[in-house]
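Step one of this worksheet: look at the structure below.
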Protein chains: 2
Amino acid sequence: MRVADRHYRTIWPIDEGTAGTADAVGAVRVIDQSRLPHEFGTVDLHTLEDAAHAIATMVVRGAPLIGVTAAYGVALAMRADASDGQLEHAARLLRATRPTARNLAWALERMRAALERVPRDERVAVAFRTAALLCEADITQCRAIGKHGLGLIRAAARGAEHGSARAGARGGAGGAARPVNILTHCNAGWLACVDWGTALAPVYLAHDAGIPVHVWVDETRPRNQGASLTAFELGAHGVPHTVIADNVGGHLMQQGRVDLVIVGSDRTTASGDVCNKIGTYLKALAARDNGVPFYAALPSSTIDWSLDRGDDIPIEQRAAEELTHVTGRGAAGTLETVRVVPEGSPALNVAFDVTPARLVSSLITERGVCAASAAGLRGLYPERSG
Amino acid sequence: MRVADRHYRTIWPIDEGTAGTADAVGAVRVIDQSRLPHEFGTVDLHTLEDAAHAIATMVVRGAPLIGVTAAYGVALAMRADASDGQLEHAARLLRATRPTARNLAWALERMRAALERVPRDERVAVAFRTAALLCEADITQCRAIGKHGLGLIRAAARGAEHGSARAGARGGAGGAARPVNILTHCNAGWLACVDWGTALAPVYLAHDAGIPVHVWVDETRPRNQGASLTAFELGAHGVPHTVIADNVGGHLMQQGRVDLVIVGSDRTTASGDVCNKIGTYLKALAARDNGVPFYAALPSSTIDWSLDRGDDIPIEQRAAEELTHVTGRGAAGTLETVRVVPEGSPALNVAFDVTPARLVSSLITERGVCAASAAGLRGLYPERSG
């Protein structure tokens, strides 16, 4: 998507001046998301360890982007040593970086399947080609999610035009110019993927199609991915939005100021339970209590077909410092970190929660919109049945 | 309560070296809550304007403390000019500082009733005496709330001892030492009152009685009153606690790691709807979804007997900077403010929400525990019937 009038992806190979074949890839370049929104810069990944470190420290984050970064991590590993042992080592190292996102394991399985029967001297080329294909597939899937979700936004816009009670409560004086108010949590935009995003793909397509939309952006403590990443990417693309504290969404729904909620997912069970950034469950409860549709948008690589119950998903616990300290731009213009919790007070930093399928109105996948249930998912993915 | 082994109240008159009569009060001293938890200091209020400014800028905050500070503000105003016009002016100025807390209007009504028939030359003394009485009454009420709430914590502790399913899920290996896990939102502790607190009074009494308690402290964005004030006062008094992001409470309830929720209230309707810090409603929804008792603790000065519906409570909207910027202790040890939201992204800062009575298990008042309903409240306050 656009940043300062240039089109970007979140990750791309560079050849650093050598010939432009896959073998000649010099490094993999990623947008450094740990410094956004204050500084827009990139980091070059030269080795497997660079890729693992970028995922673990959230230089790159978002379930789909974690997957493709891991795929490139395997390719970088193959360039150093194309042995079976190294392939095994790379998969183990990368899988250990983040425990919750399903796409990570999915991408590693894809890389292994593509490489294990390939002769060593072809593995580097095949690995980079496969990683590039996963990138293209992610973009195609996100665009498809966008098109399917666009239908839901269009329907909400028609409701607004016809002056439904909910639309009226948004305070508009009538007419078609009232925006569709969409609440999102965390960042499931193009920065979480390669391009377009999952939850935000329908928003970008609606905006580009001239449907007036406005996004309520949950700040998303403790890492502030909403305030820092979602606000940044919506602002860069020109989509109207307002940042709110995570505490506010329920009140806005009570006031009729939210037409629909769209979030992403880090892992979705075969029964439709949605594991996503911590706090998603609270918004789903509020949506249910106020009759607001609640959608989760996800590529099928996010679905864990081996799990039925969300309770069985491993939930990542991260360092307490992410909560006790906050980084932002100081008065001098430089990035600074301040402590906000008293010394001596412990803090617990749980990164994800599970929204049970009963609270999810529909899932939006690259194949279409379905009920958040085993039957709904099997309808879209019949090859997974039985 | 205790800070560094000394007992403090949040507000007290000082005579600055003159004779110790009410007339001789030199100033009113308050703990400066805008610098906590990083710096513990006080501010002296010399004039009506000082008091109004302290309330508006949240040097003092918390519904009960706002009320008594306003009462002292009237007393300071009387010392400058004991006329009827000044009494009228003081009430108008103070009432405009914060729109939501019921205790503010309540305290101003009490001061007016105490002063309007008193000769001018006696008004200063009567005003300071009345403000001091309101302080004492607040302490008495908070202690009573604590005693009534203590019964609820005792009952939860007995449940833990008997190894209920919920207690088992807390991961204890059995025995009586498992703490009762209490979640609270914002700060409704002694810093929000004169002493003891509302929501935290039962916690202090339980801790002092040797009942093992542990408090999950919601950070409470955007002003972080949980991370900065609740964590500070619990830590200073030695009560075990853990700070969590506002997003986490629902997940902890799903995991059976919360035994009960206690919050305060800034205004409660005659029908039991509870207006409190933004985000309270989300925790009440999660409590209901997981069968966790949800209590609101409040002195009767918080009850707006003239209102039936929470929807009719005016909800304060505060400056966007409270959300876009965060203040904490920097690496150099000084207080610093950093920007966390991108330039150009608007932010909305709504300070309160309304939790409908249907989600509130019980109200805890100075007269006892009652259902969150018109009948429940009338049972405790029969003089308000008919």
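Every chain in the structure tokens takes a letter, A first, then B, and so on in the order presented; its residues are numbered from 1, and the ligands are numbered from 1 following the presented order.
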
### Task
Name the residues in contact with segment 80-83 of chain B at a cut-off of 12 Å, using only C-alpha atoms, excluding same-chain residues fewer than 6 positions from it; report them as a PyMOL selection string.
chain B and resi 23+26+46-49+73-74+89-90+115-127

### Task
Residues of chain B no more than 6 Å from chain A, counting only C-alpha atoms: send them over as a PyMOL selection string.
chain B and resi 37+227-228+242-244+247+251+278-279+282+328-330+338-342+346-348+353

Store the residues picked out above in a file with N, CA and C atoms, as an mmCIF file, in the first residue's frame.
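Final output, again.cif:
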```cif
data_model
loop_
_atom_site.group_PDB
_atom_site.id
_atom_site.type_symbol
_atom_site.label_atom_id
_atom_site.label_comp_id
_atom_site.auth_asym_id
_atom_site.auth_seq_id
_atom_site.Cartn_x
_atom_site.Cartn_y
_atom_site.Cartn_z
ATOM 1 N N PRO B 37 3.058 7.523 39.989
ATOM 2 C CA PRO B 37 3.743 6.922 41.133
ATOM 3 C C PRO B 37 5.211 7.361 41.239
ATOM 4 N N ALA B 227 -2.316 1.657 36.779
ATOM 5 C CA ALA B 227 -0.862 1.419 36.815
ATOM 6 C C ALA B 227 -0.164 2.428 37.708
ATOM 7 N N SER B 228 -0.660 3.665 37.744
ATOM 8 C CA SER B 228 0.074 4.679 38.498
ATOM 9 C C SER B 228 -0.438 4.828 39.924
ATOM 10 N N THR B 242 -0.754 -7.376 40.709
ATOM 11 C CA THR B 242 -0.090 -7.483 39.412
ATOM 12 C C THR B 242 -0.780 -6.526 38.455
ATOM 13 N N VAL B 243 -0.001 -5.710 37.763
ATOM 14 C CA VAL B 243 -0.562 -4.776 36.779
ATOM 15 C C VAL B 243 -0.777 -5.528 35.466
ATOM 16 N N ILE B 244 -1.936 -5.304 34.845
ATOM 17 C CA ILE B 244 -2.239 -5.907 33.538
ATOM 18 C C ILE B 244 -2.786 -4.832 32.614
ATOM 19 N N ASN B 247 -6.779 -4.883 28.331
ATOM 20 C CA ASN B 247 -7.243 -5.939 27.434
ATOM 21 C C ASN B 247 -7.248 -7.329 28.053
ATOM 22 N N HIS B 251 -9.592 -12.435 29.398
ATOM 23 C CA HIS B 251 -8.835 -13.692 29.273
ATOM 24 C C HIS B 251 -8.616 -14.330 30.640
ATOM 25 N N ILE B 278 -14.149 4.692 31.953
ATOM 26 C CA ILE B 278 -14.314 4.032 30.659
ATOM 27 C C ILE B 278 -13.636 2.649 30.666
ATOM 28 N N GLY B 279 -14.348 1.662 30.174
ATOM 29 C CA GLY B 279 -13.828 0.293 30.135
ATOM 30 C C GLY B 279 -14.434 -0.605 31.192
ATOM 31 N N LEU B 282 -16.861 -3.191 29.762
ATOM 32 C CA LEU B 282 -16.271 -4.379 29.124
ATOM 33 C C LEU B 282 -15.946 -5.449 30.160
ATOM 34 N N GLY B 328 5.940 9.408 31.858
ATOM 35 C CA GLY B 328 6.531 8.435 32.776
ATOM 36 C C GLY B 328 7.935 8.874 33.144
ATOM 37 N N ARG B 329 8.623 7.984 33.814
ATOM 38 C CA ARG B 329 9.975 8.304 34.248
ATOM 39 C C ARG B 329 10.955 7.879 33.169
ATOM 40 N N GLY B 330 11.734 8.837 32.680
ATOM 41 C CA GLY B 330 12.692 8.556 31.618
ATOM 42 C C GLY B 330 13.979 7.955 32.154
ATOM 43 N N VAL B 338 6.091 11.403 26.117
ATOM 44 C CA VAL B 338 6.380 10.972 24.744
ATOM 45 C C VAL B 338 5.072 10.843 23.974
ATOM 46 N N ARG B 339 5.157 11.083 22.675
ATOM 47 C CA ARG B 339 3.995 10.937 21.802
ATOM 48 C C ARG B 339 3.934 9.505 21.290
ATOM 49 N N VAL B 340 2.744 8.872 21.375
ATOM 50 C CA VAL B 340 2.634 7.477 20.935
ATOM 51 C C VAL B 340 1.726 7.308 19.718
ATOM 52 N N VAL B 341 0.960 8.316 19.366
ATOM 53 C CA VAL B 341 0.047 8.244 18.215
ATOM 54 C C VAL B 341 0.653 9.104 17.101
ATOM 55 N N PRO B 342 0.560 8.636 15.829
ATOM 56 C CA PRO B 342 1.171 9.432 14.756
ATOM 57 C C PRO B 342 0.580 10.837 14.670
ATOM 58 N N PRO B 346 -6.353 11.666 14.411
ATOM 59 C CA PRO B 346 -7.191 12.182 15.498
ATOM 60 C C PRO B 346 -7.378 11.119 16.579
ATOM 61 N N ALA B 347 -7.697 11.569 17.790
ATOM 62 C CA ALA B 347 -7.955 10.654 18.901
ATOM 63 C C ALA B 347 -9.172 11.147 19.669
ATOM 64 N N LEU B 348 -9.960 10.219 20.177
ATOM 65 C CA LEU B 348 -11.153 10.539 20.966
ATOM 66 C C LEU B 348 -10.946 10.000 22.372
ATOM 67 N N ASP B 353 -17.963 5.238 31.106
ATOM 68 C CA ASP B 353 -19.048 4.537 30.431
ATOM 69 C C ASP B 353 -20.061 4.093 31.479
#
```

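Distances to Trp196 of chain B were evaluated for B:Val261, B:Leu183, B:Cys370, B:Cys142 using only C-alpha atoms, and the minimum falls at B:Cys142.
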
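Taking atom CA of Glu316 of chain A and atom CA of Pro99 of chain A as the two end points, the separation is 6.0 Å.
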
### Message
I'd like the contact shell of Pro356 of chain B - 8 Å cut-off, only C-alpha atoms, skipping same-chain residues fewer than 5 positions apart - returned as a VMD selection string.
### Response
chain B and resid 272 to 274 281 310

Using the selection just defined, write its residues with C-alpha atoms as an mmCIF file, in the first residue's frame.
```
data_model
loop_
_atom_site.group_PDB
_atom_site.id
_atom_site.type_symbol
_atom_site.label_atom_id
_atom_site.label_comp_id
_atom_site.auth_asym_id
_atom_site.auth_seq_id
_atom_site.Cartn_x
_atom_site.Cartn_y
_atom_site.Cartn_z
ATOM 1 C CA GLY B 272 -28.601 0.773 39.798
ATOM 2 C CA ASP B 273 -26.855 1.644 36.520
ATOM 3 C CA VAL B 274 -23.196 2.307 37.312
ATOM 4 C CA TYR B 281 -18.600 -2.000 31.019
ATOM 5 C CA GLY B 310 -27.653 5.564 32.929
#
```

### Task
Using DSSP on the backbone, list every residue of segment 104-222 of chain A that comes out as alpha helix (DSSP H), and give them as JSON, numbers by chain.
{"A": [104, 105, 106, 107, 108, 109, 110, 111, 112, 113, 114, 115, 120, 121, 122, 123, 124, 125, 126, 127, 128, 129, 130, 131, 132, 133, 134, 135, 136, 137, 138, 139, 140, 141, 142, 143, 144, 145, 146, 147, 148, 149, 150, 151, 152, 153, 154, 155, 156, 157, 158, 159, 160, 161, 165, 166, 167, 168, 169, 201, 202, 203, 204, 205, 206, 207, 208]}

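Backbone DSSP over segment 20-94 of chain B yields strand (DSSP E or B) at Ala27, Val28, Arg29, Val30, Ile31, Thr42, Val43, Asp44 and Leu45 of chain B.
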
Print the selection's residues with all heavy atoms to a file, as a PDB file, in the first residue's frame.
```pdb
ATOM      1  N   ALA B  27      -4.152  26.991  54.426  1.00  0.00           N
ATOM      2  CA  ALA B  27      -4.305  26.401  53.098  1.00  0.00           C
ATOM      3  C   ALA B  27      -4.826  24.985  53.273  1.00  0.00           C
ATOM      4  O   ALA B  27      -4.911  24.460  54.395  1.00  0.00           O
ATOM      5  CB  ALA B  27      -2.973  26.395  52.366  1.00  0.00           C
ATOM      6  N   VAL B  28      -5.195  24.391  52.167  1.00  0.00           N
ATOM      7  CA  VAL B  28      -5.613  22.992  52.170  1.00  0.00           C
ATOM      8  C   VAL B  28      -4.566  22.226  51.377  1.00  0.00           C
ATOM      9  O   VAL B  28      -4.243  22.591  50.236  1.00  0.00           O
ATOM     10  CB  VAL B  28      -7.014  22.846  51.544  1.00  0.00           C
ATOM     11  CG1 VAL B  28      -7.404  21.375  51.461  1.00  0.00           C
ATOM     12  CG2 VAL B  28      -8.034  23.639  52.359  1.00  0.00           C
ATOM     13  N   ARG B  29      -4.006  21.210  51.982  1.00  0.00           N
ATOM     14  CA  ARG B  29      -2.916  20.459  51.350  1.00  0.00           C
ATOM     15  C   ARG B  29      -3.474  19.168  50.754  1.00  0.00           C
ATOM     16  O   ARG B  29      -4.254  18.473  51.401  1.00  0.00           O
ATOM     17  CB  ARG B  29      -1.836  20.159  52.389  1.00  0.00           C
ATOM     18  CG  ARG B  29      -0.581  19.520  51.834  1.00  0.00           C
ATOM     19  CD  ARG B  29       0.576  19.661  52.806  1.00  0.00           C
ATOM     20  NE  ARG B  29       1.083  21.030  52.827  1.00  0.00           N
ATOM     21  CZ  ARG B  29       2.029  21.471  53.661  1.00  0.00           C
ATOM     22  NH1 ARG B  29       2.560  20.649  54.557  1.00  0.00           N
ATOM     23  NH2 ARG B  29       2.433  22.724  53.618  1.00  0.00           N
ATOM     24  N   VAL B  30      -3.053  18.871  49.531  1.00  0.00           N
ATOM     25  CA  VAL B  30      -3.481  17.623  48.882  1.00  0.00           C
ATOM     26  C   VAL B  30      -2.257  16.890  48.334  1.00  0.00           C
ATOM     27  O   VAL B  30      -1.249  17.525  47.979  1.00  0.00           O
ATOM     28  CB  VAL B  30      -4.480  17.866  47.716  1.00  0.00           C
ATOM     29  CG1 VAL B  30      -5.769  18.495  48.233  1.00  0.00           C
ATOM     30  CG2 VAL B  30      -3.868  18.730  46.620  1.00  0.00           C
ATOM     31  N   ILE B  31      -2.343  15.573  48.257  1.00  0.00           N
ATOM     32  CA  ILE B  31      -1.315  14.789  47.567  1.00  0.00           C
ATOM     33  C   ILE B  31      -1.443  15.080  46.070  1.00  0.00           C
ATOM     34  O   ILE B  31      -2.544  15.063  45.522  1.00  0.00           O
ATOM     35  CB  ILE B  31      -1.497  13.282  47.842  1.00  0.00           C
ATOM     36  CG1 ILE B  31      -1.250  12.985  49.329  1.00  0.00           C
ATOM     37  CG2 ILE B  31      -0.571  12.448  46.965  1.00  0.00           C
ATOM     38  CD1 ILE B  31      -1.615  11.563  49.741  1.00  0.00           C
ATOM     39  N   THR B  42       3.112  17.022  47.618  1.00  0.00           N
ATOM     40  CA  THR B  42       1.826  17.648  47.923  1.00  0.00           C
ATOM     41  C   THR B  42       1.742  19.018  47.255  1.00  0.00           C
ATOM     42  O   THR B  42       2.749  19.578  46.826  1.00  0.00           O
ATOM     43  CB  THR B  42       1.654  17.827  49.446  1.00  0.00           C
ATOM     44  OG1 THR B  42       2.727  18.646  49.936  1.00  0.00           O
ATOM     45  CG2 THR B  42       1.652  16.493  50.166  1.00  0.00           C
ATOM     46  N   VAL B  43       0.529  19.512  47.170  1.00  0.00           N
ATOM     47  CA  VAL B  43       0.256  20.840  46.623  1.00  0.00           C
ATOM     48  C   VAL B  43      -0.629  21.559  47.633  1.00  0.00           C
ATOM     49  O   VAL B  43      -1.534  20.937  48.202  1.00  0.00           O
ATOM     50  CB  VAL B  43      -0.490  20.744  45.272  1.00  0.00           C
ATOM     51  CG1 VAL B  43      -0.999  22.100  44.822  1.00  0.00           C
ATOM     52  CG2 VAL B  43       0.413  20.133  44.210  1.00  0.00           C
ATOM     53  N   ASP B  44      -0.386  22.847  47.866  1.00  0.00           N
ATOM     54  CA  ASP B  44      -1.233  23.618  48.777  1.00  0.00           C
ATOM     55  C   ASP B  44      -2.223  24.455  47.983  1.00  0.00           C
ATOM     56  O   ASP B  44      -1.855  25.164  47.045  1.00  0.00           O
ATOM     57  CB  ASP B  44      -0.369  24.537  49.658  1.00  0.00           C
ATOM     58  CG  ASP B  44       0.434  23.732  50.678  1.00  0.00           C
ATOM     59  OD1 ASP B  44       0.153  22.525  50.827  1.00  0.00           O
ATOM     60  OD2 ASP B  44       1.345  24.312  51.295  1.00  0.00           O
ATOM     61  N   LEU B  45      -3.491  24.336  48.358  1.00  0.00           N
ATOM     62  CA  LEU B  45      -4.544  25.120  47.709  1.00  0.00           C
ATOM     63  C   LEU B  45      -4.853  26.320  48.605  1.00  0.00           C
ATOM     64  O   LEU B  45      -5.259  26.142  49.758  1.00  0.00           O
ATOM     65  CB  LEU B  45      -5.798  24.257  47.523  1.00  0.00           C
ATOM     66  CG  LEU B  45      -5.569  22.842  46.945  1.00  0.00           C
ATOM     67  CD1 LEU B  45      -6.897  22.076  46.878  1.00  0.00           C
ATOM     68  CD2 LEU B  45      -4.917  22.917  45.579  1.00  0.00           C
TER      69      LEU B  45
END
```

### Task
Extract, using only C-alpha atoms, all DNA, RNA and protein residues at most 9 Å from Gly368 of chain B, discarding same-chain residues fewer than 4 positions from it, and format them as a PyMOL selection string.
chain B and resi 144-145+147-149+363-364+380

### Message
List the spatial neighbours of Trp190 of chain B as a ChimeraX atom specification - criterion: any atom at most 12 Å away, only C-alpha atoms, same-chain residues fewer than 3 positions off excluded.
### Response
/B:1-3,7-11,31,33,60-65,138-139,142-143,146,187,193-204,229-234,236-237,264

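Counting from atom CA of Ala132 of chain A, the distance to atom CA of Ile262 of chain A is 28.0 Å.
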